[in-house]
Amino acid sequence: MAADTRTGAKDETYDLVSLLYHTLQEADTLTTYLSDTREAGDEELAVFIQETLDQDRQRAQKAKELLAGRLSASGS
């Protein structure tokens, strides 16, 4: 497991942190889209966005669990 030369972190740890960040960022954006869609009364699109948001939240939770396990195992 090579370290990233830019950060000193393991590539996998950096990748996981990045995935978590971007997933949470997308969930935040989708929350806005969901609100806009509901205000417009487009229930079909709102359901789709809600499903996508739920998937992002699940993905973020799994990423947090994986990250916590790796950080505690490495003693960081």
# chains A, B, ... in the order shown; residues from 1 in each chain; ligands from 1
$ closest_atom_pairs --of "range 21-47 of chain A" --to "range 52-66 of chain A" --cutoff "8 Å" --atoms "only C-alpha atoms" --output "tab-separated table"
residue	atom	partner	partner_atom	distance
A:Thr23	CA	A:Asp56	CA	6.0
A:Leu24	CA	A:Ala60	CA	6.5
A:Glu26	CA	A:Asp56	CA	7.6
A:Ala27	CA	A:Leu53	CA	5.6
A:Leu30	CA	A:Leu53	CA	6.2
A:Thr31	CA	A:Leu53	CA	7.4
$ write_last_selection --atoms "C-alpha atoms" --output "mmCIF file, in the first residue's frame"
data_model
loop_
_atom_site.group_PDB
_atom_site.id
_atom_site.type_symbol
_atom_site.label_atom_id
_atom_site.label_comp_id
_atom_site.auth_asym_id
_atom_site.auth_seq_id
_atom_site.Cartn_x
_atom_site.Cartn_y
_atom_site.Cartn_z
ATOM 1 C CA THR A 23 -20.841 11.560 -1.585
ATOM 2 C CA LEU A 24 -21.813 13.948 1.213
ATOM 3 C CA GLU A 26 -23.794 15.219 -3.637
ATOM 4 C CA ALA A 27 -26.301 14.411 -0.881
ATOM 5 C CA LEU A 30 -29.694 16.482 -3.917
ATOM 6 C CA THR A 31 -31.444 17.844 -0.824
#
$ select_by_dssp --residues "chain A" --states "alpha helix (DSSP H)" --output "PDB file with N, CA, C and O atoms, in the first residue's frame"
ATOM      1  N   ASP A  11      -2.859   5.651  -0.340  1.00  0.00           N
ATOM      2  CA  ASP A  11      -3.749   5.956  -1.462  1.00  0.00           C
ATOM      3  C   ASP A  11      -5.179   5.538  -1.161  1.00  0.00           C
ATOM      4  O   ASP A  11      -6.117   6.265  -1.471  1.00  0.00           O
ATOM      5  N   GLU A  12      -5.339   4.362  -0.565  1.00  0.00           N
ATOM      6  CA  GLU A  12      -6.683   3.854  -0.287  1.00  0.00           C
ATOM      7  C   GLU A  12      -7.406   4.729   0.728  1.00  0.00           C
ATOM      8  O   GLU A  12      -8.603   4.967   0.607  1.00  0.00           O
ATOM      9  N   THR A  13      -6.697   5.222   1.723  1.00  0.00           N
ATOM     10  CA  THR A  13      -7.304   6.097   2.718  1.00  0.00           C
ATOM     11  C   THR A  13      -7.706   7.420   2.086  1.00  0.00           C
ATOM     12  O   THR A  13      -8.812   7.921   2.297  1.00  0.00           O
ATOM     13  N   TYR A  14      -6.823   7.967   1.286  1.00  0.00           N
ATOM     14  CA  TYR A  14      -7.124   9.211   0.573  1.00  0.00           C
ATOM     15  C   TYR A  14      -8.346   9.029  -0.315  1.00  0.00           C
ATOM     16  O   TYR A  14      -9.250   9.861  -0.333  1.00  0.00           O
ATOM     17  N   ASP A  15      -8.378   7.924  -1.051  1.00  0.00           N
ATOM     18  CA  ASP A  15      -9.509   7.642  -1.934  1.00  0.00           C
ATOM     19  C   ASP A  15     -10.814   7.532  -1.145  1.00  0.00           C
ATOM     20  O   ASP A  15     -11.847   8.042  -1.570  1.00  0.00           O
ATOM     21  N   LEU A  16     -10.755   6.872  -0.007  1.00  0.00           N
ATOM     22  CA  LEU A  16     -11.951   6.693   0.816  1.00  0.00           C
ATOM     23  C   LEU A  16     -12.439   8.029   1.375  1.00  0.00           C
ATOM     24  O   LEU A  16     -13.636   8.318   1.361  1.00  0.00           O
ATOM     25  N   VAL A  17     -11.531   8.855   1.837  1.00  0.00           N
ATOM     26  CA  VAL A  17     -11.899  10.184   2.333  1.00  0.00           C
ATOM     27  C   VAL A  17     -12.520  11.007   1.206  1.00  0.00           C
ATOM     28  O   VAL A  17     -13.546  11.670   1.395  1.00  0.00           O
ATOM     29  N   SER A  18     -11.931  10.935   0.025  1.00  0.00           N
ATOM     30  CA  SER A  18     -12.452  11.667  -1.122  1.00  0.00           C
ATOM     31  C   SER A  18     -13.839  11.169  -1.500  1.00  0.00           C
ATOM     32  O   SER A  18     -14.753  11.957  -1.768  1.00  0.00           O
ATOM     33  N   LEU A  19     -14.014   9.862  -1.523  1.00  0.00           N
ATOM     34  CA  LEU A  19     -15.332   9.288  -1.833  1.00  0.00           C
ATOM     35  C   LEU A  19     -16.370   9.766  -0.823  1.00  0.00           C
ATOM     36  O   LEU A  19     -17.467  10.170  -1.203  1.00  0.00           O
ATOM     37  N   LEU A  20     -16.018   9.743   0.460  1.00  0.00           N
ATOM     38  CA  LEU A  20     -16.942  10.195   1.497  1.00  0.00           C
ATOM     39  C   LEU A  20     -17.296  11.663   1.302  1.00  0.00           C
ATOM     40  O   LEU A  20     -18.478  12.038   1.319  1.00  0.00           O
ATOM     41  N   TYR A  21     -16.305  12.490   1.071  1.00  0.00           N
ATOM     42  CA  TYR A  21     -16.532  13.928   0.877  1.00  0.00           C
ATOM     43  C   TYR A  21     -17.475  14.168  -0.300  1.00  0.00           C
ATOM     44  O   TYR A  21     -18.454  14.908  -0.193  1.00  0.00           O
ATOM     45  N   HIS A  22     -17.175  13.559  -1.417  1.00  0.00           N
ATOM     46  CA  HIS A  22     -17.969  13.810  -2.619  1.00  0.00           C
ATOM     47  C   HIS A  22     -19.376  13.235  -2.498  1.00  0.00           C
ATOM     48  O   HIS A  22     -20.333  13.825  -3.021  1.00  0.00           O
ATOM     49  N   THR A  23     -19.514  12.130  -1.801  1.00  0.00           N
ATOM     50  CA  THR A  23     -20.841  11.560  -1.585  1.00  0.00           C
ATOM     51  C   THR A  23     -21.683  12.480  -0.705  1.00  0.00           C
ATOM     52  O   THR A  23     -22.859  12.736  -1.000  1.00  0.00           O
ATOM     53  N   LEU A  24     -21.088  13.015   0.346  1.00  0.00           N
ATOM     54  CA  LEU A  24     -21.813  13.948   1.213  1.00  0.00           C
ATOM     55  C   LEU A  24     -22.135  15.246   0.491  1.00  0.00           C
ATOM     56  O   LEU A  24     -23.217  15.814   0.668  1.00  0.00           O
ATOM     57  N   GLN A  25     -21.226  15.687  -0.344  1.00  0.00           N
ATOM     58  CA  GLN A  25     -21.467  16.894  -1.130  1.00  0.00           C
ATOM     59  C   GLN A  25     -22.647  16.675  -2.088  1.00  0.00           C
ATOM     60  O   GLN A  25     -23.512  17.539  -2.231  1.00  0.00           O
ATOM     61  N   GLU A  26     -22.679  15.519  -2.737  1.00  0.00           N
ATOM     62  CA  GLU A  26     -23.794  15.219  -3.637  1.00  0.00           C
ATOM     63  C   GLU A  26     -25.103  15.128  -2.867  1.00  0.00           C
ATOM     64  O   GLU A  26     -26.138  15.625  -3.331  1.00  0.00           O
ATOM     65  N   ALA A  27     -25.083  14.514  -1.686  1.00  0.00           N
ATOM     66  CA  ALA A  27     -26.301  14.411  -0.881  1.00  0.00           C
ATOM     67  C   ALA A  27     -26.826  15.798  -0.516  1.00  0.00           C
ATOM     68  O   ALA A  27     -28.039  16.038  -0.548  1.00  0.00           O
ATOM     69  N   ASP A  28     -25.921  16.705  -0.216  1.00  0.00           N
ATOM     70  CA  ASP A  28     -26.332  18.078   0.094  1.00  0.00           C
ATOM     71  C   ASP A  28     -26.993  18.729  -1.124  1.00  0.00           C
ATOM     72  O   ASP A  28     -28.039  19.370  -1.008  1.00  0.00           O
ATOM     73  N   THR A  29     -26.407  18.545  -2.282  1.00  0.00           N
ATOM     74  CA  THR A  29     -26.969  19.091  -3.521  1.00  0.00           C
ATOM     75  C   THR A  29     -28.325  18.468  -3.815  1.00  0.00           C
ATOM     76  O   THR A  29     -29.280  19.164  -4.184  1.00  0.00           O
ATOM     77  N   LEU A  30     -28.427  17.163  -3.648  1.00  0.00           N
ATOM     78  CA  LEU A  30     -29.694  16.482  -3.917  1.00  0.00           C
ATOM     79  C   LEU A  30     -30.805  16.949  -2.984  1.00  0.00           C
ATOM     80  O   LEU A  30     -31.971  16.988  -3.382  1.00  0.00           O
ATOM     81  N   THR A  31     -30.452  17.321  -1.761  1.00  0.00           N
ATOM     82  CA  THR A  31     -31.444  17.844  -0.824  1.00  0.00           C
ATOM     83  C   THR A  31     -32.079  19.115  -1.384  1.00  0.00           C
ATOM     84  O   THR A  31     -33.298  19.296  -1.303  1.00  0.00           O
ATOM     85  N   THR A  32     -31.256  19.961  -1.994  1.00  0.00           N
ATOM     86  CA  THR A  32     -31.774  21.175  -2.638  1.00  0.00           C
ATOM     87  C   THR A  32     -32.660  20.818  -3.821  1.00  0.00           C
ATOM     88  O   THR A  32     -33.754  21.362  -3.983  1.00  0.00           O
ATOM     89  N   TYR A  33     -32.190  19.889  -4.658  1.00  0.00           N
ATOM     90  CA  TYR A  33     -32.978  19.468  -5.823  1.00  0.00           C
ATOM     91  C   TYR A  33     -34.318  18.885  -5.398  1.00  0.00           C
ATOM     92  O   TYR A  33     -35.346  19.131  -6.032  1.00  0.00           O
ATOM     93  N   LEU A  34     -34.304  18.105  -4.319  1.00  0.00           N
ATOM     94  CA  LEU A  34     -35.532  17.482  -3.823  1.00  0.00           C
ATOM     95  C   LEU A  34     -36.527  18.547  -3.386  1.00  0.00           C
ATOM     96  O   LEU A  34     -37.718  18.477  -3.724  1.00  0.00           O
ATOM     97  N   SER A  35     -36.053  19.540  -2.681  1.00  0.00           N
ATOM     98  CA  SER A  35     -36.912  20.629  -2.246  1.00  0.00           C
ATOM     99  C   SER A  35     -37.500  21.365  -3.443  1.00  0.00           C
ATOM    100  O   SER A  35     -38.716  21.632  -3.496  1.00  0.00           O
ATOM    101  N   ASP A  36     -36.651  21.674  -4.414  1.00  0.00           N
ATOM    102  CA  ASP A  36     -37.118  22.366  -5.620  1.00  0.00           C
ATOM    103  C   ASP A  36     -38.172  21.544  -6.359  1.00  0.00           C
ATOM    104  O   ASP A  36     -39.188  22.084  -6.821  1.00  0.00           O
ATOM    105  N   THR A  37     -37.915  20.258  -6.473  1.00  0.00           N
ATOM    106  CA  THR A  37     -38.824  19.372  -7.211  1.00  0.00           C
ATOM    107  C   THR A  37     -40.168  19.239  -6.503  1.00  0.00           C
ATOM    108  O   THR A  37     -41.223  19.256  -7.150  1.00  0.00           O
ATOM    109  N   ARG A  38     -40.127  19.140  -5.187  1.00  0.00           N
ATOM    110  CA  ARG A  38     -41.386  19.044  -4.429  1.00  0.00           C
ATOM    111  C   ARG A  38     -42.178  20.339  -4.537  1.00  0.00           C
ATOM    112  O   ARG A  38     -43.403  20.309  -4.659  1.00  0.00           O
ATOM    113  N   GLU A  39     -41.487  21.477  -4.486  1.00  0.00           N
ATOM    114  CA  GLU A  39     -42.172  22.764  -4.650  1.00  0.00           C
ATOM    115  C   GLU A  39     -42.827  22.868  -6.014  1.00  0.00           C
ATOM    116  O   GLU A  39     -43.887  23.474  -6.155  1.00  0.00           O
ATOM    117  N   ALA A  40     -42.197  22.270  -7.031  1.00  0.00           N
ATOM    118  CA  ALA A  40     -42.744  22.295  -8.383  1.00  0.00           C
ATOM    119  C   ALA A  40     -43.865  21.274  -8.567  1.00  0.00           C
ATOM    120  O   ALA A  40     -44.570  21.302  -9.572  1.00  0.00           O
ATOM    121  N   GLU A  43     -43.864  14.885  -8.457  1.00  0.00           N
ATOM    122  CA  GLU A  43     -43.695  13.787  -7.506  1.00  0.00           C
ATOM    123  C   GLU A  43     -42.852  12.647  -8.073  1.00  0.00           C
ATOM    124  O   GLU A  43     -42.080  12.030  -7.345  1.00  0.00           O
ATOM    125  N   GLU A  44     -42.992  12.379  -9.356  1.00  0.00           N
ATOM    126  CA  GLU A  44     -42.196  11.300  -9.967  1.00  0.00           C
ATOM    127  C   GLU A  44     -40.698  11.591  -9.843  1.00  0.00           C
ATOM    128  O   GLU A  44     -39.911  10.726  -9.448  1.00  0.00           O
ATOM    129  N   LEU A  45     -40.310  12.818 -10.165  1.00  0.00           N
ATOM    130  CA  LEU A  45     -38.906  13.200 -10.050  1.00  0.00           C
ATOM    131  C   LEU A  45     -38.473  13.256  -8.589  1.00  0.00           C
ATOM    132  O   LEU A  45     -37.359  12.851  -8.251  1.00  0.00           O
ATOM    133  N   ALA A  46     -39.362  13.701  -7.718  1.00  0.00           N
ATOM    134  CA  ALA A  46     -39.040  13.757  -6.294  1.00  0.00           C
ATOM    135  C   ALA A  46     -38.748  12.360  -5.741  1.00  0.00           C
ATOM    136  O   ALA A  46     -37.816  12.180  -4.959  1.00  0.00           O
ATOM    137  N   VAL A  47     -39.501  11.371  -6.169  1.00  0.00           N
ATOM    138  CA  VAL A  47     -39.267   9.992  -5.726  1.00  0.00           C
ATOM    139  C   VAL A  47     -37.889   9.522  -6.191  1.00  0.00           C
ATOM    140  O   VAL A  47     -37.128   8.924  -5.420  1.00  0.00           O
ATOM    141  N   PHE A  48     -37.567   9.803  -7.451  1.00  0.00           N
ATOM    142  CA  PHE A  48     -36.266   9.412  -7.981  1.00  0.00           C
ATOM    143  C   PHE A  48     -35.124  10.079  -7.214  1.00  0.00           C
ATOM    144  O   PHE A  48     -34.144   9.431  -6.832  1.00  0.00           O
ATOM    145  N   ILE A  49     -35.246  11.373  -6.980  1.00  0.00           N
ATOM    146  CA  ILE A  49     -34.201  12.096  -6.243  1.00  0.00           C
ATOM    147  C   ILE A  49     -34.102  11.574  -4.816  1.00  0.00           C
ATOM    148  O   ILE A  49     -32.992  11.396  -4.293  1.00  0.00           O
ATOM    149  N   GLN A  50     -35.217  11.287  -4.182  1.00  0.00           N
ATOM    150  CA  GLN A  50     -35.197  10.750  -2.819  1.00  0.00           C
ATOM    151  C   GLN A  50     -34.488   9.398  -2.771  1.00  0.00           C
ATOM    152  O   GLN A  50     -33.706   9.127  -1.860  1.00  0.00           O
ATOM    153  N   GLU A  51     -34.762   8.551  -3.742  1.00  0.00           N
ATOM    154  CA  GLU A  51     -34.090   7.246  -3.807  1.00  0.00           C
ATOM    155  C   GLU A  51     -32.580   7.424  -3.966  1.00  0.00           C
ATOM    156  O   GLU A  51     -31.788   6.740  -3.304  1.00  0.00           O
ATOM    157  N   THR A  52     -32.188   8.358  -4.817  1.00  0.00           N
ATOM    158  CA  THR A  52     -30.773   8.629  -5.033  1.00  0.00           C
ATOM    159  C   THR A  52     -30.137   9.184  -3.766  1.00  0.00           C
ATOM    160  O   THR A  52     -29.029   8.785  -3.383  1.00  0.00           O
ATOM    161  N   LEU A  53     -30.828  10.068  -3.094  1.00  0.00           N
ATOM    162  CA  LEU A  53     -30.353  10.634  -1.835  1.00  0.00           C
ATOM    163  C   LEU A  53     -30.191   9.548  -0.776  1.00  0.00           C
ATOM    164  O   LEU A  53     -29.183   9.510  -0.057  1.00  0.00           O
ATOM    165  N   ASP A  54     -31.153   8.655  -0.679  1.00  0.00           N
ATOM    166  CA  ASP A  54     -31.061   7.551   0.280  1.00  0.00           C
ATOM    167  C   ASP A  54     -29.841   6.670  -0.012  1.00  0.00           C
ATOM    168  O   ASP A  54     -29.133   6.250   0.916  1.00  0.00           O
ATOM    169  N   GLN A  55     -29.586   6.411  -1.288  1.00  0.00           N
ATOM    170  CA  GLN A  55     -28.414   5.615  -1.668  1.00  0.00           C
ATOM    171  C   GLN A  55     -27.125   6.333  -1.287  1.00  0.00           C
ATOM    172  O   GLN A  55     -26.180   5.703  -0.787  1.00  0.00           O
ATOM    173  N   ASP A  56     -27.078   7.633  -1.499  1.00  0.00           N
ATOM    174  CA  ASP A  56     -25.893   8.399  -1.112  1.00  0.00           C
ATOM    175  C   ASP A  56     -25.679   8.358   0.397  1.00  0.00           C
ATOM    176  O   ASP A  56     -24.547   8.234   0.863  1.00  0.00           O
ATOM    177  N   ARG A  57     -26.745   8.470   1.143  1.00  0.00           N
ATOM    178  CA  ARG A  57     -26.618   8.423   2.608  1.00  0.00           C
ATOM    179  C   ARG A  57     -26.104   7.062   3.069  1.00  0.00           C
ATOM    180  O   ARG A  57     -25.264   6.975   3.968  1.00  0.00           O
ATOM    181  N   GLN A  58     -26.596   6.002   2.446  1.00  0.00           N
ATOM    182  CA  GLN A  58     -26.112   4.654   2.778  1.00  0.00           C
ATOM    183  C   GLN A  58     -24.639   4.510   2.405  1.00  0.00           C
ATOM    184  O   GLN A  58     -23.841   3.954   3.169  1.00  0.00           O
ATOM    185  N   ARG A  59     -24.274   5.014   1.241  1.00  0.00           N
ATOM    186  CA  ARG A  59     -22.892   4.954   0.776  1.00  0.00           C
ATOM    187  C   ARG A  59     -21.982   5.751   1.722  1.00  0.00           C
ATOM    188  O   ARG A  59     -20.891   5.294   2.075  1.00  0.00           O
ATOM    189  N   ALA A  60     -22.423   6.913   2.145  1.00  0.00           N
ATOM    190  CA  ALA A  60     -21.630   7.736   3.067  1.00  0.00           C
ATOM    191  C   ALA A  60     -21.464   7.034   4.409  1.00  0.00           C
ATOM    192  O   ALA A  60     -20.373   7.045   4.990  1.00  0.00           O
ATOM    193  N   GLN A  61     -22.517   6.405   4.902  1.00  0.00           N
ATOM    194  CA  GLN A  61     -22.420   5.690   6.170  1.00  0.00           C
ATOM    195  C   GLN A  61     -21.417   4.547   6.084  1.00  0.00           C
ATOM    196  O   GLN A  61     -20.593   4.358   6.978  1.00  0.00           O
ATOM    197  N   LYS A  62     -21.464   3.792   4.997  1.00  0.00           N
ATOM    198  CA  LYS A  62     -20.523   2.687   4.799  1.00  0.00           C
ATOM    199  C   LYS A  62     -19.097   3.218   4.702  1.00  0.00           C
ATOM    200  O   LYS A  62     -18.173   2.653   5.287  1.00  0.00           O
ATOM    201  N   ALA A  63     -18.905   4.322   3.988  1.00  0.00           N
ATOM    202  CA  ALA A  63     -17.572   4.926   3.868  1.00  0.00           C
ATOM    203  C   ALA A  63     -17.057   5.372   5.232  1.00  0.00           C
ATOM    204  O   ALA A  63     -15.875   5.176   5.549  1.00  0.00           O
ATOM    205  N   LYS A  64     -17.925   5.959   6.056  1.00  0.00           N
ATOM    206  CA  LYS A  64     -17.512   6.380   7.399  1.00  0.00           C
ATOM    207  C   LYS A  64     -17.091   5.181   8.239  1.00  0.00           C
ATOM    208  O   LYS A  64     -16.094   5.239   8.962  1.00  0.00           O
ATOM    209  N   GLU A  65     -17.847   4.093   8.140  1.00  0.00           N
ATOM    210  CA  GLU A  65     -17.508   2.879   8.894  1.00  0.00           C
ATOM    211  C   GLU A  65     -16.166   2.308   8.439  1.00  0.00           C
ATOM    212  O   GLU A  65     -15.329   1.934   9.272  1.00  0.00           O
ATOM    213  N   LEU A  66     -15.967   2.243   7.129  1.00  0.00           N
ATOM    214  CA  LEU A  66     -14.696   1.738   6.605  1.00  0.00           C
ATOM    215  C   LEU A  66     -13.536   2.629   7.031  1.00  0.00           C
ATOM    216  O   LEU A  66     -12.479   2.138   7.431  1.00  0.00           O
ATOM    217  N   LEU A  67     -13.729   3.936   6.954  1.00  0.00           N
ATOM    218  CA  LEU A  67     -12.676   4.873   7.331  1.00  0.00           C
ATOM    219  C   LEU A  67     -12.344   4.752   8.811  1.00  0.00           C
ATOM    220  O   LEU A  67     -11.169   4.695   9.193  1.00  0.00           O
ATOM    221  N   ALA A  68     -13.346   4.685   9.647  1.00  0.00           N
ATOM    222  CA  ALA A  68     -13.113   4.548  11.090  1.00  0.00           C
ATOM    223  C   ALA A  68     -12.330   3.280  11.393  1.00  0.00           C
ATOM    224  O   ALA A  68     -11.385   3.298  12.203  1.00  0.00           O
ATOM    225  N   GLY A  69     -12.696   2.181  10.753  1.00  0.00           N
ATOM    226  CA  GLY A  69     -11.979   0.926  10.972  1.00  0.00           C
ATOM    227  C   GLY A  69     -10.538   1.008  10.539  1.00  0.00           C
ATOM    228  O   GLY A  69      -9.635   0.521  11.237  1.00  0.00           O
ATOM    229  N   ARG A  70     -10.274   1.622   9.429  1.00  0.00           N
ATOM    230  CA  ARG A  70      -8.892   1.740   8.936  1.00  0.00           C
ATOM    231  C   ARG A  70      -8.065   2.687   9.807  1.00  0.00           C
ATOM    232  O   ARG A  70      -6.892   2.428  10.054  1.00  0.00           O
ATOM    233  N   LEU A  71      -8.674   3.770  10.248  1.00  0.00           N
ATOM    234  CA  LEU A  71      -7.927   4.704  11.086  1.00  0.00           C
ATOM    235  C   LEU A  71      -7.615   4.108  12.461  1.00  0.00           C
ATOM    236  O   LEU A  71      -6.516   4.304  12.975  1.00  0.00           O
ATOM    237  N   SER A  72      -8.576   3.375  13.023  1.00  0.00           N
ATOM    238  CA  SER A  72      -8.305   2.767  14.334  1.00  0.00           C
ATOM    239  C   SER A  72      -7.283   1.632  14.217  1.00  0.00           C
ATOM    240  O   SER A  72      -6.475   1.442  15.110  1.00  0.00           O
ATOM    241  N   ALA A  73      -7.300   0.919  13.097  1.00  0.00           N
ATOM    242  CA  ALA A  73      -6.336  -0.169  12.889  1.00  0.00           C
ATOM    243  C   ALA A  73      -4.927   0.360  12.687  1.00  0.00           C
ATOM    244  O   ALA A  73      -3.950  -0.290  13.059  1.00  0.00           O
ATOM    245  N   SER A  74      -4.805   1.561  12.111  1.00  0.00           N
ATOM    246  CA  SER A  74      -3.484   2.114  11.846  1.00  0.00           C
ATOM    247  C   SER A  74      -2.948   2.910  13.035  1.00  0.00           C
ATOM    248  O   SER A  74      -1.827   3.384  13.001  1.00  0.00           O
TER     249      SER A  74
END
$ decode --residues "range 11-36 of chain A" --atoms "N, CA and C atoms" --output "PDB file, in the first residue's frame"
ATOM      1  N   ASP A  11      -2.859   5.651  -0.340  1.00  0.00           N
ATOM      2  CA  ASP A  11      -3.749   5.956  -1.462  1.00  0.00           C
ATOM      3  C   ASP A  11      -5.179   5.538  -1.161  1.00  0.00           C
ATOM      4  N   GLU A  12      -5.339   4.362  -0.565  1.00  0.00           N
ATOM      5  CA  GLU A  12      -6.683   3.854  -0.287  1.00  0.00           C
ATOM      6  C   GLU A  12      -7.406   4.729   0.728  1.00  0.00           C
ATOM      7  N   THR A  13      -6.697   5.222   1.723  1.00  0.00           N
ATOM      8  CA  THR A  13      -7.304   6.097   2.718  1.00  0.00           C
ATOM      9  C   THR A  13      -7.706   7.420   2.086  1.00  0.00           C
ATOM     10  N   TYR A  14      -6.823   7.967   1.286  1.00  0.00           N
ATOM     11  CA  TYR A  14      -7.124   9.211   0.573  1.00  0.00           C
ATOM     12  C   TYR A  14      -8.346   9.029  -0.315  1.00  0.00           C
ATOM     13  N   ASP A  15      -8.378   7.924  -1.051  1.00  0.00           N
ATOM     14  CA  ASP A  15      -9.509   7.642  -1.934  1.00  0.00           C
ATOM     15  C   ASP A  15     -10.814   7.532  -1.145  1.00  0.00           C
ATOM     16  N   LEU A  16     -10.755   6.872  -0.007  1.00  0.00           N
ATOM     17  CA  LEU A  16     -11.951   6.693   0.816  1.00  0.00           C
ATOM     18  C   LEU A  16     -12.439   8.029   1.375  1.00  0.00           C
ATOM     19  N   VAL A  17     -11.531   8.855   1.837  1.00  0.00           N
ATOM     20  CA  VAL A  17     -11.899  10.184   2.333  1.00  0.00           C
ATOM     21  C   VAL A  17     -12.520  11.007   1.206  1.00  0.00           C
ATOM     22  N   SER A  18     -11.931  10.935   0.025  1.00  0.00           N
ATOM     23  CA  SER A  18     -12.452  11.667  -1.122  1.00  0.00           C
ATOM     24  C   SER A  18     -13.839  11.169  -1.500  1.00  0.00           C
ATOM     25  N   LEU A  19     -14.014   9.862  -1.523  1.00  0.00           N
ATOM     26  CA  LEU A  19     -15.332   9.288  -1.833  1.00  0.00           C
ATOM     27  C   LEU A  19     -16.370   9.766  -0.823  1.00  0.00           C
ATOM     28  N   LEU A  20     -16.018   9.743   0.460  1.00  0.00           N
ATOM     29  CA  LEU A  20     -16.942  10.195   1.497  1.00  0.00           C
ATOM     30  C   LEU A  20     -17.296  11.663   1.302  1.00  0.00           C
ATOM     31  N   TYR A  21     -16.305  12.490   1.071  1.00  0.00           N
ATOM     32  CA  TYR A  21     -16.532  13.928   0.877  1.00  0.00           C
ATOM     33  C   TYR A  21     -17.475  14.168  -0.300  1.00  0.00           C
ATOM     34  N   HIS A  22     -17.175  13.559  -1.417  1.00  0.00           N
ATOM     35  CA  HIS A  22     -17.969  13.810  -2.619  1.00  0.00           C
ATOM     36  C   HIS A  22     -19.376  13.235  -2.498  1.00  0.00           C
ATOM     37  N   THR A  23     -19.514  12.130  -1.801  1.00  0.00           N
ATOM     38  CA  THR A  23     -20.841  11.560  -1.585  1.00  0.00           C
ATOM     39  C   THR A  23     -21.683  12.480  -0.705  1.00  0.00           C
ATOM     40  N   LEU A  24     -21.088  13.015   0.346  1.00  0.00           N
ATOM     41  CA  LEU A  24     -21.813  13.948   1.213  1.00  0.00           C
ATOM     42  C   LEU A  24     -22.135  15.246   0.491  1.00  0.00           C
ATOM     43  N   GLN A  25     -21.226  15.687  -0.344  1.00  0.00           N
ATOM     44  CA  GLN A  25     -21.467  16.894  -1.130  1.00  0.00           C
ATOM     45  C   GLN A  25     -22.647  16.675  -2.088  1.00  0.00           C
ATOM     46  N   GLU A  26     -22.679  15.519  -2.737  1.00  0.00           N
ATOM     47  CA  GLU A  26     -23.794  15.219  -3.637  1.00  0.00           C
ATOM     48  C   GLU A  26     -25.103  15.128  -2.867  1.00  0.00           C
ATOM     49  N   ALA A  27     -25.083  14.514  -1.686  1.00  0.00           N
ATOM     50  CA  ALA A  27     -26.301  14.411  -0.881  1.00  0.00           C
ATOM     51  C   ALA A  27     -26.826  15.798  -0.516  1.00  0.00           C
ATOM     52  N   ASP A  28     -25.921  16.705  -0.216  1.00  0.00           N
ATOM     53  CA  ASP A  28     -26.332  18.078   0.094  1.00  0.00           C
ATOM     54  C   ASP A  28     -26.993  18.729  -1.124  1.00  0.00           C
ATOM     55  N   THR A  29     -26.407  18.545  -2.282  1.00  0.00           N
ATOM     56  CA  THR A  29     -26.969  19.091  -3.521  1.00  0.00           C
ATOM     57  C   THR A  29     -28.325  18.468  -3.815  1.00  0.00           C
ATOM     58  N   LEU A  30     -28.427  17.163  -3.648  1.00  0.00           N
ATOM     59  CA  LEU A  30     -29.694  16.482  -3.917  1.00  0.00           C
ATOM     60  C   LEU A  30     -30.805  16.949  -2.984  1.00  0.00           C
ATOM     61  N   THR A  31     -30.452  17.321  -1.761  1.00  0.00           N
ATOM     62  CA  THR A  31     -31.444  17.844  -0.824  1.00  0.00           C
ATOM     63  C   THR A  31     -32.079  19.115  -1.384  1.00  0.00           C
ATOM     64  N   THR A  32     -31.256  19.961  -1.994  1.00  0.00           N
ATOM     65  CA  THR A  32     -31.774  21.175  -2.638  1.00  0.00           C
ATOM     66  C   THR A  32     -32.660  20.818  -3.821  1.00  0.00           C
ATOM     67  N   TYR A  33     -32.190  19.889  -4.658  1.00  0.00           N
ATOM     68  CA  TYR A  33     -32.978  19.468  -5.823  1.00  0.00           C
ATOM     69  C   TYR A  33     -34.318  18.885  -5.398  1.00  0.00           C
ATOM     70  N   LEU A  34     -34.304  18.105  -4.319  1.00  0.00           N
ATOM     71  CA  LEU A  34     -35.532  17.482  -3.823  1.00  0.00           C
ATOM     72  C   LEU A  34     -36.527  18.547  -3.386  1.00  0.00           C
ATOM     73  N   SER A  35     -36.053  19.540  -2.681  1.00  0.00           N
ATOM     74  CA  SER A  35     -36.912  20.629  -2.246  1.00  0.00           C
ATOM     75  C   SER A  35     -37.500  21.365  -3.443  1.00  0.00           C
ATOM     76  N   ASP A  36     -36.651  21.674  -4.414  1.00  0.00           N
ATOM     77  CA  ASP A  36     -37.118  22.366  -5.620  1.00  0.00           C
ATOM     78  C   ASP A  36     -38.172  21.544  -6.359  1.00  0.00           C
TER      79      ASP A  36
END
